[in-house]
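Peer 1: For reference, the file protein.csv (CSV, C-alpha atoms) is included below:
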```
chain,number,residue,atom,x,y,z
A,279,MET,CA,-35.9,-55.0,28.1
A,280,LYS,CA,-32.4,-54.5,29.6
A,281,LYS,CA,-33.2,-57.0,32.3
A,282,LEU,CA,-34.2,-59.6,29.7
A,283,GLY,CA,-31.0,-59.1,27.8
A,284,LEU,CA,-29.0,-59.5,31.0
A,285,LYS,CA,-30.8,-62.7,31.8
A,286,ILE,CA,-30.1,-64.1,28.3
A,287,SER,CA,-26.5,-63.2,28.7
A,288,TRP,CA,-26.3,-65.0,32.0
A,289,LEU,CA,-28.0,-68.0,30.4
A,290,ILE,CA,-25.6,-68.1,27.5
A,291,ILE,CA,-22.6,-67.8,29.9
A,292,PHE,CA,-24.1,-70.6,32.1
A,293,LEU,CA,-24.7,-72.9,29.1
A,294,PHE,CA,-21.2,-72.2,27.8
A,295,MET,CA,-19.7,-73.0,31.2
A,296,ALA,CA,-21.8,-76.2,31.4
A,297,LEU,CA,-20.6,-77.4,28.0
A,298,VAL,CA,-17.0,-76.5,28.6
A,299,SER,CA,-17.0,-78.3,32.0
A,300,CYS,CA,-18.2,-81.5,30.1
A,301,VAL,CA,-15.4,-81.7,27.7
A,302,GLU,CA,-12.4,-81.8,30.0
A,303,LEU,CA,-10.5,-85.1,30.4
A,304,ILE,CA,-10.3,-86.6,33.8
A,305,PRO,CA,-6.5,-86.9,34.0
A,306,ASP,CA,-4.5,-89.9,35.1
A,307,PRO,CA,-3.2,-89.3,38.7
A,308,VAL,CA,0.2,-90.7,37.8
A,309,ASP,CA,0.6,-89.3,34.3
A,310,PRO,CA,-1.8,-86.3,33.9
A,311,ARG,CA,-1.0,-86.1,30.2
A,312,LEU,CA,-3.3,-89.2,29.7
A,313,PRO,CA,-6.9,-89.8,30.7
A,314,ILE,CA,-7.5,-91.8,33.9
A,315,TYR,CA,-8.1,-95.5,33.6
A,316,SER,CA,-11.8,-95.9,34.5
A,317,GLU,CA,-14.6,-98.4,34.0
A,318,SER,CA,-17.7,-96.2,34.0
A,319,GLY,CA,-18.2,-95.0,30.4
A,320,LYS,CA,-16.2,-91.7,30.7
A,321,LYS,CA,-15.9,-91.6,26.9
A,322,GLN,CA,-12.2,-90.9,26.8
A,323,SER,CA,-9.1,-92.7,25.6
A,324,GLY,CA,-5.5,-92.0,25.1
A,325,ALA,CA,-2.0,-93.4,24.8
A,326,LEU,CA,1.6,-92.3,24.5
A,327,ILE,CA,2.7,-92.8,20.9
A,328,ASP,CA,6.4,-92.6,20.6
A,329,ASN,CA,6.3,-91.0,24.0
A,330,ILE,CA,4.0,-88.2,22.9
A,331,PRO,CA,0.6,-88.0,24.6
A,332,PHE,CA,-2.4,-88.5,22.3
A,333,VAL,CA,-6.0,-88.3,23.7
A,334,ALA,CA,-9.6,-88.5,22.7
A,335,TYR,CA,-11.8,-86.0,24.6
A,336,PRO,CA,-15.2,-86.9,26.0
A,337,ASN,CA,-17.0,-84.4,23.8
A,338,PRO,CA,-15.6,-84.2,20.3
A,339,PHE,CA,-17.8,-81.2,19.4
A,340,PHE,CA,-15.2,-78.9,20.9
A,341,TRP,CA,-12.2,-80.6,19.5
A,342,GLY,CA,-13.1,-81.2,15.8
A,343,ASN,CA,-13.3,-84.5,13.9
A,344,GLY,CA,-9.8,-85.7,15.1
A,345,SER,CA,-11.1,-86.7,18.5
A,346,PHE,CA,-13.6,-89.5,18.9
A,347,GLY,CA,-14.0,-93.0,20.2
A,348,SER,CA,-16.3,-95.9,19.4
A,349,ILE,CA,-16.7,-99.5,20.2
A,350,LEU,CA,-19.0,-101.6,18.0
A,351,ASN,CA,-20.3,-105.1,18.8
A,352,LYS,CA,-21.3,-107.3,15.8
A,353,GLY,CA,-23.4,-110.3,16.9
A,354,ASP,CA,-21.2,-110.8,20.0
A,355,THR,CA,-18.6,-112.4,17.8
A,356,ILE,CA,-16.7,-109.3,16.5
A,357,LEU,CA,-15.7,-106.2,18.5
A,358,THR,CA,-14.2,-103.2,16.7
A,359,PHE,CA,-12.5,-100.4,18.6
A,360,ASP,CA,-11.8,-97.1,16.8
A,361,PHE,CA,-10.1,-94.2,18.7
A,362,GLY,CA,-9.4,-90.9,17.0
A,363,LEU,CA,-6.7,-89.3,19.0
A,364,ILE,CA,-5.2,-85.8,18.8
A,365,GLU,CA,-1.9,-84.8,20.2
A,366,LYS,CA,-2.5,-83.4,23.7
A,367,ASN,CA,-0.2,-80.4,23.2
A,368,ASN,CA,-0.8,-79.9,19.5
A,369,PRO,CA,-4.4,-80.5,18.5
A,370,ASN,CA,-3.5,-80.1,14.8
A,371,VAL,CA,-1.8,-83.5,14.8
A,372,SER,CA,-4.1,-86.6,14.9
A,373,LYS,CA,-3.7,-90.3,14.7
A,374,SER,CA,-6.1,-93.1,15.0
A,375,ILE,CA,-5.9,-96.5,16.6
A,376,PHE,CA,-8.1,-99.4,15.4
A,377,PHE,CA,-8.5,-102.9,16.9
A,378,SER,CA,-10.6,-105.8,15.6
A,379,LEU,CA,-11.4,-108.8,17.8
A,380,GLU,CA,-12.9,-111.7,15.8
A,381,LYS,CA,-14.4,-115.1,16.5
A,382,LEU,CA,-15.4,-114.1,20.1
A,383,THR,CA,-17.1,-116.8,22.1
A,384,PRO,CA,-19.4,-116.7,25.1
A,385,GLU,CA,-16.4,-117.8,27.2
A,386,ASP,CA,-14.4,-114.8,26.0
A,387,TRP,CA,-17.3,-112.5,27.2
A,388,GLU,CA,-17.4,-114.2,30.5
A,389,GLU,CA,-13.6,-113.7,30.9
A,390,MET,CA,-14.0,-110.1,30.0
A,391,LYS,CA,-16.2,-109.6,33.0
A,392,LYS,CA,-13.7,-110.9,35.5
A,393,ASN,CA,-10.9,-109.0,37.3
A,394,PHE,CA,-9.1,-106.6,35.0
A,395,GLY,CA,-10.6,-108.2,31.9
A,396,LYS,CA,-9.4,-110.5,29.1
A,397,LYS,CA,-6.1,-110.0,27.3
A,398,PHE,CA,-6.0,-110.4,23.6
A,399,ARG,CA,-2.6,-110.8,22.0
A,400,LEU,CA,-2.1,-108.8,18.8
A,401,ASP,CA,0.0,-111.5,17.1
A,402,ASN,CA,-3.1,-113.7,17.1
A,403,HIS,CA,-4.8,-114.1,13.6
A,404,ASP,CA,-8.2,-113.1,15.1
A,405,THR,CA,-7.0,-110.0,16.8
A,406,LYS,CA,-5.7,-107.1,14.7
A,407,GLY,CA,-4.4,-103.7,15.6
A,408,ARG,CA,-3.5,-100.7,13.5
A,409,LEU,CA,-2.1,-97.2,14.0
A,410,SER,CA,-3.0,-94.6,11.3
A,411,SER,CA,-1.1,-91.4,11.0
A,412,TYR,CA,-2.2,-88.5,8.8
A,413,ALA,CA,0.2,-86.2,7.0
A,414,ASN,CA,-0.3,-84.0,3.8
A,415,ASP,CA,-3.7,-85.6,3.1
A,416,GLN,CA,-2.1,-89.0,3.2
A,417,VAL,CA,-2.9,-91.8,5.6
A,418,ILE,CA,0.1,-93.9,6.7
A,419,GLU,CA,-1.0,-97.2,8.2
A,420,SER,CA,1.1,-99.2,10.6
A,421,ILE,CA,0.2,-102.7,11.5
A,422,ALA,CA,0.6,-103.9,15.1
A,423,GLN,CA,3.2,-106.5,15.3
A,424,SER,CA,3.3,-107.4,19.0
A,425,GLY,CA,1.5,-106.3,22.1
A,426,GLN,CA,-2.0,-106.6,23.5
A,427,ILE,CA,-5.4,-105.2,24.2
A,428,THR,CA,-7.1,-106.0,27.5
A,429,VAL,CA,-10.9,-105.6,27.5
A,430,LYS,CA,-13.1,-105.4,30.6
A,431,TYR,CA,-16.8,-105.7,30.1
A,432,ILE,CA,-19.0,-104.0,32.7
A,433,GLU,CA,-22.3,-105.6,31.9
A,434,ASP,CA,-24.5,-103.4,34.1
A,435,LEU,CA,-23.4,-100.2,32.4
A,436,LYS,CA,-22.9,-101.7,28.9
A,437,VAL,CA,-19.3,-100.3,29.0
A,438,LEU,CA,-16.1,-101.7,27.7
A,439,ALA,CA,-12.9,-100.4,29.3
A,440,GLY,CA,-9.4,-101.5,29.0
A,441,THR,CA,-5.7,-100.9,28.2
A,442,PHE,CA,-3.5,-101.5,25.2
A,443,GLY,CA,0.1,-101.3,24.2
A,444,PHE,CA,1.9,-102.5,21.1
A,445,THR,CA,4.6,-101.9,18.6
A,446,ALA,CA,3.8,-101.2,14.9
A,447,GLN,CA,5.6,-100.8,11.6
A,448,ASP,CA,4.5,-99.0,8.4
A,449,SER,CA,5.3,-100.0,4.9
A,450,SER,CA,8.5,-98.0,4.8
A,451,GLY,CA,9.8,-99.9,7.9
A,452,LYS,CA,9.3,-97.0,10.3
A,453,LYS,CA,8.5,-98.3,13.8
A,454,TYR,CA,6.1,-96.9,16.3
A,455,GLU,CA,5.6,-97.7,19.9
A,456,VAL,CA,2.2,-97.2,21.5
A,457,ARG,CA,2.3,-97.3,25.3
A,458,TYR,CA,0.0,-96.8,28.3
A,459,GLY,CA,-3.1,-97.0,26.1
A,460,ARG,CA,-6.5,-96.9,27.9
A,461,PHE,CA,-10.2,-96.5,26.9
A,462,ASP,CA,-13.6,-96.3,28.5
A,463,TYR,CA,-16.7,-96.2,26.3
A,464,PHE,CA,-20.2,-97.4,26.1
A,465,ILE,CA,-20.6,-100.3,23.7
A,466,TYR,CA,-23.0,-100.1,20.6
A,467,ARG,CA,-24.5,-103.2,19.1
A,468,LEU,CA,-24.8,-103.3,15.3
A,469,ASP,CA,-27.3,-106.2,15.1
B,1235,MET,CA,-18.1,-94.4,61.7
B,1236,LYS,CA,-14.5,-93.2,62.5
B,1237,TYR,CA,-15.5,-89.6,62.2
B,1238,LYS,CA,-18.5,-90.0,64.5
B,1239,LEU,CA,-16.1,-91.4,67.0
B,1240,PHE,CA,-13.8,-88.4,66.7
B,1241,LEU,CA,-16.7,-86.1,67.0
B,1242,ILE,CA,-18.0,-87.8,70.2
B,1243,THR,CA,-14.4,-87.7,71.6
B,1244,PHE,CA,-14.2,-84.1,70.8
B,1245,LEU,CA,-17.5,-83.2,72.4
B,1246,ALA,CA,-16.8,-85.4,75.4
B,1247,PHE,CA,-13.6,-83.6,76.0
B,1248,PHE,CA,-15.2,-80.2,76.0
B,1249,GLY,CA,-18.1,-81.6,78.1
B,1250,LEU,CA,-15.7,-82.7,80.8
B,1251,VAL,CA,-14.0,-79.4,81.0
B,1252,THR,CA,-16.8,-77.9,83.0
B,1253,GLU,CA,-15.2,-74.5,83.5
B,1254,SER,CA,-11.9,-73.5,81.9
B,1255,LEU,CA,-9.9,-70.7,80.5
B,1256,ALA,CA,-10.2,-71.1,76.8
B,1257,GLN,CA,-8.4,-69.2,74.1
B,1258,ILE,CA,-9.8,-68.7,70.7
B,1259,GLY,CA,-7.5,-67.9,67.8
B,1260,MET,CA,-7.8,-67.1,64.1
B,1261,MET,CA,-5.1,-68.4,61.8
B,1262,LEU,CA,-3.8,-67.3,58.4
B,1263,GLY,CA,-0.6,-68.4,56.7
B,1264,THR,CA,1.2,-69.9,53.8
B,1265,ASN,CA,2.2,-73.5,53.3
B,1266,TYR,CA,4.5,-75.5,51.2
B,1267,SER,CA,3.2,-78.9,50.3
B,1268,ASN,CA,4.7,-81.8,48.4
B,1269,ILE,CA,4.0,-85.5,48.0
B,1270,ARG,CA,5.9,-88.6,49.2
B,1271,HIS,CA,5.6,-91.6,46.9
B,1272,GLN,CA,7.3,-94.8,45.8
B,1273,ASP,CA,8.9,-93.5,42.7
B,1274,ARG,CA,5.6,-93.2,40.8
B,1275,LEU,CA,5.3,-89.6,39.9
B,1276,GLU,CA,7.7,-88.3,37.3
B,1277,GLY,CA,8.8,-84.6,37.7
B,1278,ALA,CA,6.8,-84.0,41.0
B,1279,ARG,CA,7.7,-81.0,43.1
B,1280,GLY,CA,6.2,-78.9,45.8
B,1281,GLN,CA,3.7,-76.1,45.6
B,1282,VAL,CA,2.9,-73.1,47.8
B,1283,GLY,CA,-0.6,-72.3,49.0
B,1284,LEU,CA,-2.5,-70.3,51.6
B,1285,HIS,CA,-4.4,-71.7,54.6
B,1286,LEU,CA,-6.8,-70.2,57.1
B,1287,GLY,CA,-8.6,-71.4,60.2
B,1288,ALA,CA,-9.6,-71.0,63.8
B,1289,ASN,CA,-8.7,-72.8,66.9
B,1290,VAL,CA,-9.7,-73.2,70.5
B,1291,GLU,CA,-7.3,-74.0,73.3
B,1292,VAL,CA,-8.0,-75.0,76.9
B,1293,VAL,CA,-6.0,-75.8,80.0
B,1294,PRO,CA,-7.7,-79.0,81.3
B,1295,ILE,CA,-5.6,-79.4,84.5
B,1296,ARG,CA,-5.3,-76.2,86.5
B,1297,SER,CA,-2.2,-77.5,88.4
B,1298,ILE,CA,-0.4,-77.9,85.0
B,1299,PRO,CA,-1.0,-74.5,83.3
B,1300,ASN,CA,1.8,-75.1,80.8
B,1301,LEU,CA,0.0,-78.0,79.3
B,1302,SER,CA,-3.0,-77.3,77.1
B,1303,LEU,CA,-5.2,-79.1,74.6
B,1304,LYS,CA,-5.9,-77.3,71.4
B,1305,THR,CA,-7.9,-78.0,68.3
B,1306,ASP,CA,-7.5,-76.4,65.0
B,1307,PHE,CA,-10.2,-76.2,62.3
B,1308,MET,CA,-8.6,-75.2,59.0
B,1309,ILE,CA,-8.9,-75.2,55.3
B,1310,VAL,CA,-5.6,-76.3,53.9
B,1311,PRO,CA,-4.6,-76.8,50.2
B,1312,LYS,CA,-2.2,-79.7,49.9
B,1313,GLY,CA,-0.8,-81.3,46.7
B,1314,TYR,CA,2.1,-80.9,44.3
B,1315,ASN,CA,3.1,-79.8,40.8
B,1316,GLN,CA,4.2,-82.2,38.1
B,1317,ILE,CA,6.4,-81.0,35.3
B,1318,LEU,CA,6.1,-83.2,32.2
B,1319,ASP,CA,7.3,-82.2,28.7
B,1320,ASP,CA,8.0,-78.7,30.2
B,1321,ILE,CA,4.3,-78.3,31.1
B,1322,LYS,CA,3.3,-77.8,34.7
B,1323,TYR,CA,0.3,-79.9,36.0
B,1324,ARG,CA,-0.9,-78.5,39.3
B,1325,VAL,CA,-2.6,-80.9,41.7
B,1326,ASN,CA,-4.3,-79.0,44.4
B,1327,LEU,CA,-6.2,-81.0,47.0
B,1328,GLU,CA,-8.2,-78.9,49.5
B,1329,TYR,CA,-8.9,-80.4,52.9
B,1330,PHE,CA,-11.0,-79.4,55.8
B,1331,VAL,CA,-8.6,-80.1,58.7
B,1332,PHE,CA,-9.7,-81.1,62.2
B,1333,ALA,CA,-6.5,-81.2,64.2
B,1334,PRO,CA,-6.6,-81.9,68.0
B,1335,MET,CA,-3.2,-81.6,69.6
B,1336,ILE,CA,-1.3,-81.3,72.9
B,1337,LYS,CA,0.6,-78.1,73.4
B,1338,TYR,CA,3.3,-77.5,76.0
B,1339,ALA,CA,4.6,-74.0,76.8
B,1340,PHE,CA,8.2,-73.9,77.9
B,1341,ASP,CA,7.7,-70.2,78.8
B,1342,LYS,CA,5.0,-67.7,78.1
B,1343,ASP,CA,6.3,-67.0,74.6
B,1344,PHE,CA,7.5,-70.4,73.3
B,1345,ALA,CA,5.5,-73.6,73.0
B,1346,VAL,CA,5.6,-76.8,71.1
B,1347,HIS,CA,2.6,-78.7,69.9
B,1348,SER,CA,1.9,-82.1,68.3
B,1349,GLY,CA,-1.1,-84.1,67.2
B,1350,VAL,CA,-3.0,-85.8,64.4
B,1351,GLU,CA,-4.9,-84.2,61.6
B,1352,PHE,CA,-8.1,-85.7,60.4
B,1353,ASN,CA,-8.6,-84.3,57.0
B,1354,GLY,CA,-11.7,-84.4,54.8
B,1355,PHE,CA,-11.3,-83.8,51.1
B,1356,ILE,CA,-13.4,-80.8,50.0
B,1357,GLY,CA,-12.3,-79.9,46.5
B,1358,SER,CA,-9.6,-79.7,43.9
B,1359,ASN,CA,-8.6,-78.0,40.7
B,1360,VAL,CA,-8.3,-81.4,39.0
B,1361,ASP,CA,-11.3,-82.6,37.1
B,1362,GLY,CA,-12.9,-85.7,38.6
B,1363,ALA,CA,-10.6,-85.5,41.7
B,1364,GLU,CA,-13.5,-86.4,44.0
B,1365,GLU,CA,-13.5,-89.8,42.3
B,1366,THR,CA,-9.8,-90.1,41.9
B,1367,TYR,CA,-8.5,-89.3,45.4
B,1368,ARG,CA,-9.4,-90.6,48.8
B,1369,LYS,CA,-12.1,-88.6,50.7
B,1370,ASN,CA,-10.1,-88.7,54.0
B,1371,GLU,CA,-6.5,-88.4,55.1
B,1372,LYS,CA,-4.8,-88.6,58.5
B,1373,ALA,CA,-1.5,-86.9,59.2
B,1374,PHE,CA,0.9,-86.6,62.1
B,1375,PHE,CA,2.2,-83.1,62.8
B,1376,PHE,CA,4.4,-81.1,65.2
B,1377,GLY,CA,5.3,-77.5,65.4
B,1378,PHE,CA,6.2,-74.4,67.4
B,1379,ASP,CA,4.4,-71.4,68.7
B,1380,ILE,CA,6.3,-68.1,69.2
B,1381,LEU,CA,5.1,-65.1,71.1
B,1382,SER,CA,2.0,-67.1,72.2
B,1383,SER,CA,1.2,-64.7,75.0
B,1384,LYS,CA,0.8,-61.8,72.6
B,1385,ARG,CA,-2.2,-60.7,70.6
B,1386,LEU,CA,-0.4,-61.7,67.4
B,1387,SER,CA,1.6,-64.8,67.5
B,1388,LEU,CA,3.6,-66.9,65.0
B,1389,TYR,CA,3.3,-70.6,64.4
B,1390,THR,CA,5.1,-73.1,62.3
B,1391,ARG,CA,4.2,-76.7,61.7
B,1392,ALA,CA,5.3,-79.8,59.7
B,1393,SER,CA,2.7,-82.4,58.8
B,1394,PHE,CA,3.3,-85.8,57.4
B,1395,GLY,CA,0.5,-87.9,55.9
B,1396,LEU,CA,0.0,-91.2,57.6
B,1397,THR,CA,-2.5,-92.6,55.1
B,1398,PRO,CA,-2.2,-92.6,51.3
B,1399,VAL,CA,-4.4,-90.2,49.3
B,1400,LEU,CA,-4.5,-92.3,46.1
B,1401,ASP,CA,-5.7,-95.9,45.3
B,1402,TYR,CA,-5.0,-96.7,41.7
B,1403,TYR,CA,-3.8,-99.3,39.2
B,1404,GLU,CA,-0.3,-100.4,38.4
B,1405,ILE,CA,-0.2,-100.0,34.7
B,1406,ASP,CA,2.6,-101.6,32.6
B,1407,PRO,CA,3.4,-99.6,29.4
B,1408,ILE,CA,2.6,-102.5,27.1
B,1409,GLU,CA,0.8,-105.2,29.2
B,1410,GLY,CA,-1.7,-102.9,30.9
B,1411,ILE,CA,-3.0,-103.3,34.4
B,1412,THR,CA,-0.9,-105.6,36.5
B,1413,GLY,CA,-2.3,-104.8,39.9
B,1414,SER,CA,-3.3,-102.0,42.2
B,1415,PHE,CA,-1.5,-99.8,44.7
B,1416,SER,CA,-2.2,-97.3,47.5
B,1417,ASP,CA,0.4,-94.5,47.6
B,1418,LEU,CA,1.0,-90.7,47.6
B,1419,TYR,CA,1.5,-89.3,51.1
B,1420,THR,CA,1.3,-85.6,51.7
B,1421,THR,CA,4.0,-83.5,53.4
B,1422,THR,CA,3.1,-79.9,54.4
B,1423,ILE,CA,5.1,-77.2,56.1
B,1424,MET,CA,3.0,-74.3,57.4
B,1425,ILE,CA,3.9,-70.9,58.7
B,1426,GLY,CA,1.5,-68.3,59.7
B,1427,LEU,CA,0.1,-65.7,62.1
B,1428,GLN,CA,-2.5,-66.3,64.8
B,1429,ILE,CA,-4.6,-63.5,66.2
B,1430,ASN,CA,-5.2,-64.6,69.8
B,1431,ILE,CA,-8.4,-63.6,71.7
B,1432,HIS,CA,-6.9,-64.0,75.1
B,1433,HIS,CA,-8.5,-65.6,78.1
B,1434,GLU,CA,-12.0,-65.5,77.0
B,1435,LYS,CA,-13.8,-67.3,79.8
B,1436,ILE,CA,-16.1,-69.9,78.3
B,1437,ARG,CA,-18.3,-72.0,80.5
B,1438,PHE,CA,-19.1,-75.5,79.3
B,1439,LYS,CA,-22.0,-77.0,81.0
B,1440,ASN,CA,-23.1,-80.6,80.9
```
Re-express the file's structure as structure tokens.
Peer 2:
Amino acid sequence: MKKLGLKISWLIIFLFMALVSCVELIPDPVDPRLPIYSESGKKQSGALIDNIPFVAYPNPFFWGNGSFGSILNKGDTILTFDFGLIEKNNPNVSKSIFFSLEKLTPEDWEEMKKNFGKKFRLDNHDTKGRLSSYANDQVIESIAQSGQITVKYIEDLKVLAGTFGFTAQDSSGKKYEVRYGRFDYFIYRLD
Amino acid sequence: MKYKLFLITFLAFFGLVTESLAQIGMMLGTNYSNIRHQDRLEGARGQVGLHLGANVEVVPIRSIPNLSLKTDFMIVPKGYNQILDDIKYRVNLEYFVFAPMIKYAFDKDFAVHSGVEFNGFIGSNVDGAEETYRKNEKAFFFGFDILSSKRLSLYTRASFGLTPVLDYYEIDPIEGITGSFSDLYTTTIMIGLQINIHHEKIRFKN
């Protein structure tokens, strides 16, 4: 009976270690506060927001609802990106970044497969970006005014990876700067 | 392919030394390592680690007893620390080191040595490092041996990476990826003790 208990204890420790080892970010080798730029579906994203590192961990189970990432493809004409980021050194603070790319064409998809991907300017009517901050049960939305999102499509893996950076302003006129953004997720089709 | 060549060279060397006085040593010491880079890493500074290994040394030409060929096999942690927002990020890159060298003894207790390290990456404290950093590294080194005729001798060595350990992307804060780069060269200073097993006669037969 004692031996069985010991085995179960070891099994629980092993499972815990296995789960914990899956949730760690793979850090950027130049700035370890951010996740590495990758193109393999590592399910992580991050950016410096006003020079503070915000990240989304690969396994949100351990980090609460604040950390997540998703990319949805609607009919190959609309892509939406939603990254729920938590402050790297203070997980109680969360922000989210949303992008919407509309009126995509087959040529856009072809360009997304090449080199480092296709760059979409955020001052374009068909490309929108938004930074949402949460404070006292309120959501403060800041619309991206200038900047870009670059999207690389890795067709074999069904992965979209890329980088982003932009400046945004909320309704009170407060400005935010989002720098060194990067993401790497599997793509989900809605149709 | 390169490593097969090194292995063949190494075996051929010992094969040619048909009979020789060989000395085997065990090494243990501390090392300070840091990284040289083109202004890419903010807040990078050195770190201290422990290394251990073994070596074999032979005098290939009997008429020049002061000149010897030596090969170290070591496990050496290299890397650096990065301080960002007052938080320390330690990057520890463990290598298996194969270091053939030439050693010249000025007298029985003082010698200099120099050679090239061929380092194979074996592990790291950084998640995903096996994908992030290069699998191999080469480094030039030189050093001194003190009290080399005694059972316990002292060695010190400085090693400078010849090949970069990182291939990565140039990322602009707003515009994203603008290109790629190869950078980060290791620098390691080692000091340690060697236990010498003197004049073990080892016969190498073809």
Peer 1: Could you work out how far CA of Ser1393 in chain B lies from CA of Asp1306 in chain B, giving the answer in Å with one decimal?
Peer 2: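 Result for CA of Asp1306 in chain B versus CA of Ser1393 in chain B: 13.4 Å, one decimal.
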Peer 1: Pick out the chain B residues within 10 Å of chain A. Count only C-alpha atoms. Give them as a PyMOL selection string.
Peer 2: chain B and resi 1274-1276+1278+1316-1319+1321-1325+1360-1363+1365-1367+1400-1413+1418
Peer 1: List the neighbours of range 1375-1385 of chain B out to 8 Å using only C-alpha atoms; skip same-chain residues closer than 2 positions along the sequence, and give me the result as a ChimeraX atom specification.
Peer 2: /B:1342-1351,1373,1387-1394,1429-1432
Peer 1: With distances taken over all atoms listed in the file, which of B:Gly1354, B:Ile1258, B:Asn1289, B:Gln1272 is nearest to Phe1415 in chain B?
Peer 2: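 Smallest separation from Phe1415 in chain B among the options: B:Gln1272.
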Peer 1: So how far away is CA of Asp1320 in chain B from CA of Thr1264 in chain B, in Å?
Peer 2: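 Value for the CA of Thr1264 in chain B-CA of Asp1320 in chain B distance: 26.1 Å.
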